[in-house]
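Read through the structure below, which is laid out as structure tokens, and then see the notes.
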Amino acid sequence: MFRVGVLTVSDRVSRGVAEDKSGPLISRMVRDRLGALVVEEQVVPDEQYLIEEVLRRWADEEELDLILTTGGTGFAPRDVTPEATRAVIEREAPGFAEAMRAESLKVTPHAMLSRGIAGIRGRTLIVNLPGSPKAVRENLEVILPALPHGLALLREVKGEDQRHEPPGKSGETPS
């Protein structure tokens, strides 16, 4: 079972003047669709150092398999989630952000305004999702099919590294 953290980045939600609808949606989707255990849920304002602090703690101390952020990925001056994520990851995983933007462009040209990224810190995958519940649902639907395999690779699950190869190409002899 994958251990997941959901981080909502929003000045308004952190001040209590808006309700967090995206964070709970993410939690429901990963529980229902991945069978994941959501062990951390938190809201922080759009402050880069606070976002970085949570991402580091969840990856390094809590050793979560997956961290999904929501919010702070647009063009507004206080949207700094990608910068915070880039500061803590060790390796980028660009396919997630590329796939989400490509699919979102079929729905709205505003997808080009998303600056979300994805990357790996230790054995933790961190993915930035947009802030709106509609965009969260659409983007999470795109990446959900790839998450179990990617997370299993990070965990070094025996044999998982050969699952992505065509049959007969992994060096195994057919029986």
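Identifiers for the structure tokens are assigned positionally: chains receive A, B, ... in sequence, residues are indexed from 1 per chain, and ligands are indexed from 1 in the order shown.
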
Can you pull out the residues contacting region 2-16 of chain A? Cut-off 7 Å, using only C-alpha atoms, and skip same-chain residues under 6 positions away; I want them as number ranges by chain.
A: 23, 27, 36-46, 64-72

List every residue of region 12-54 of chain A that DSSP, applied to the backbone of this structure, assigns to alpha helix (DSSP H), and report them as an MDAnalysis selection string.
chainID A and resid 12:15 22:34 48:54

Long-range neighbours of His149 (chain A) as a PyMOL selection string, 12 Å cut-off, only C-alpha atoms, 6 positions minimum in chain:
chain A and resi 2+34+65+125+143+155-164

Let me see the file: selected residues, N, CA and C atoms, as a PDB file, in the first residue's frame.
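Written out: selection23.pdb:
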ATOM      1  N   PHE A   2       0.626   2.155  -0.910  1.00  0.00           N
ATOM      2  CA  PHE A   2       1.416   3.372  -1.011  1.00  0.00           C
ATOM      3  C   PHE A   2       0.982   4.380   0.048  1.00  0.00           C
ATOM      4  N   LEU A  34      -6.185   4.126  -6.129  1.00  0.00           N
ATOM      5  CA  LEU A  34      -4.889   3.482  -5.931  1.00  0.00           C
ATOM      6  C   LEU A  34      -4.880   2.556  -4.720  1.00  0.00           C
ATOM      7  N   ASP A  65       5.659   7.683  -0.091  1.00  0.00           N
ATOM      8  CA  ASP A  65       5.899   7.215  -1.456  1.00  0.00           C
ATOM      9  C   ASP A  65       5.551   8.300  -2.471  1.00  0.00           C
ATOM     10  N   LEU A 125       8.037  10.391  -4.890  1.00  0.00           N
ATOM     11  CA  LEU A 125       7.629  11.129  -6.084  1.00  0.00           C
ATOM     12  C   LEU A 125       6.781  12.309  -5.640  1.00  0.00           C
ATOM     13  N   ILE A 143      -2.626  10.879 -14.770  1.00  0.00           N
ATOM     14  CA  ILE A 143      -1.415  10.249 -14.228  1.00  0.00           C
ATOM     15  C   ILE A 143      -1.678   9.002 -13.386  1.00  0.00           C
ATOM     16  N   ARG A 155      10.440   2.093  -5.100  1.00  0.00           N
ATOM     17  CA  ARG A 155      10.579   1.189  -3.948  1.00  0.00           C
ATOM     18  C   ARG A 155      11.493   0.005  -4.254  1.00  0.00           C
ATOM     19  N   GLU A 156      11.854  -0.135  -5.533  1.00  0.00           N
ATOM     20  CA  GLU A 156      12.669  -1.255  -6.008  1.00  0.00           C
ATOM     21  C   GLU A 156      11.998  -2.596  -5.731  1.00  0.00           C
ATOM     22  N   VAL A 157      10.703  -2.660  -6.043  1.00  0.00           N
ATOM     23  CA  VAL A 157       9.959  -3.902  -5.922  1.00  0.00           C
ATOM     24  C   VAL A 157      10.546  -4.902  -6.918  1.00  0.00           C
ATOM     25  N   LYS A 158      10.854  -6.091  -6.439  1.00  0.00           N
ATOM     26  CA  LYS A 158      11.508  -7.118  -7.268  1.00  0.00           C
ATOM     27  C   LYS A 158      10.687  -7.398  -8.528  1.00  0.00           C
ATOM     28  N   GLY A 159      11.351  -7.333  -9.678  1.00  0.00           N
ATOM     29  CA  GLY A 159      10.726  -7.624 -10.956  1.00  0.00           C
ATOM     30  C   GLY A 159       9.975  -6.453 -11.576  1.00  0.00           C
ATOM     31  N   GLU A 160       9.760  -5.394 -10.828  1.00  0.00           N
ATOM     32  CA  GLU A 160       8.994  -4.247 -11.338  1.00  0.00           C
ATOM     33  C   GLU A 160       9.731  -3.560 -12.480  1.00  0.00           C
ATOM     34  N   ASP A 161      11.067  -3.591 -12.451  1.00  0.00           N
ATOM     35  CA  ASP A 161      11.851  -2.922 -13.485  1.00  0.00           C
ATOM     36  C   ASP A 161      11.701  -3.587 -14.847  1.00  0.00           C
ATOM     37  N   GLN A 162      11.153  -4.788 -14.893  1.00  0.00           N
ATOM     38  CA  GLN A 162      10.987  -5.489 -16.165  1.00  0.00           C
ATOM     39  C   GLN A 162       9.546  -5.429 -16.674  1.00  0.00           C
ATOM     40  N   ARG A 163       8.634  -4.888 -15.888  1.00  0.00           N
ATOM     41  CA  ARG A 163       7.230  -4.837 -16.282  1.00  0.00           C
ATOM     42  C   ARG A 163       6.989  -3.948 -17.490  1.00  0.00           C
ATOM     43  N   HIS A 164       7.834  -2.963 -17.711  1.00  0.00           N
ATOM     44  CA  HIS A 164       7.614  -2.019 -18.811  1.00  0.00           C
ATOM     45  C   HIS A 164       8.231  -2.491 -20.121  1.00  0.00           C
TER      46      HIS A 164
END

For a quick check of understanding, using only C-alpha atoms, which of A:Thr81, A:Asn139, A:Thr73, A:Asn128 has the smallest distance to Ser114 (chain A)?
A:Thr73

Write out as an NGL selection string which residues come within 12 Å of Lys106 (chain A) when counting only C-alpha atoms, dropping same-chain ones fewer than 6 positions away.
:A and (99-100 or 112 or 138-139)

Neighbouring residues of Thr85 (chain A) were defined as those with any atom within 10 Å, considering only C-alpha atoms; residues of the same chain fewer than 2 positions away were excluded. Please report them as a VMD selection string.
chain A and resid 48 51 to 52 55 to 56 69 80 to 83 87 to 90 92 116 to 121 126 to 128

Could you please write out, as a PyMOL selection string, every residue of chain A that DSSP assigns to strand (DSSP E or B)?
chain A and resi 3-9+37-44+66-70+91-92+118-121+124-129

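Of the residues listed (A:Ala84, A:Ala146, A:Leu50, A:Leu25), A:Leu25 shows the shortest atom-to-atom separation from Gly131 (chain A); distances use only C-alpha atoms.
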
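For the set A:Ala97, A:Ala76, A:Met29, A:Val17, the residue with the smallest atom-to-atom gap to Pro133 (chain A) is A:Met29, counting only C-alpha atoms.
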
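Put simply, CA of Glu103 (chain A) is 22.0 Å away from CA of Asp32 (chain A).
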
Atomic separation - CA of Pro94 (chain A) relative to CA of Met1 (chain A), Å
24.4 Å
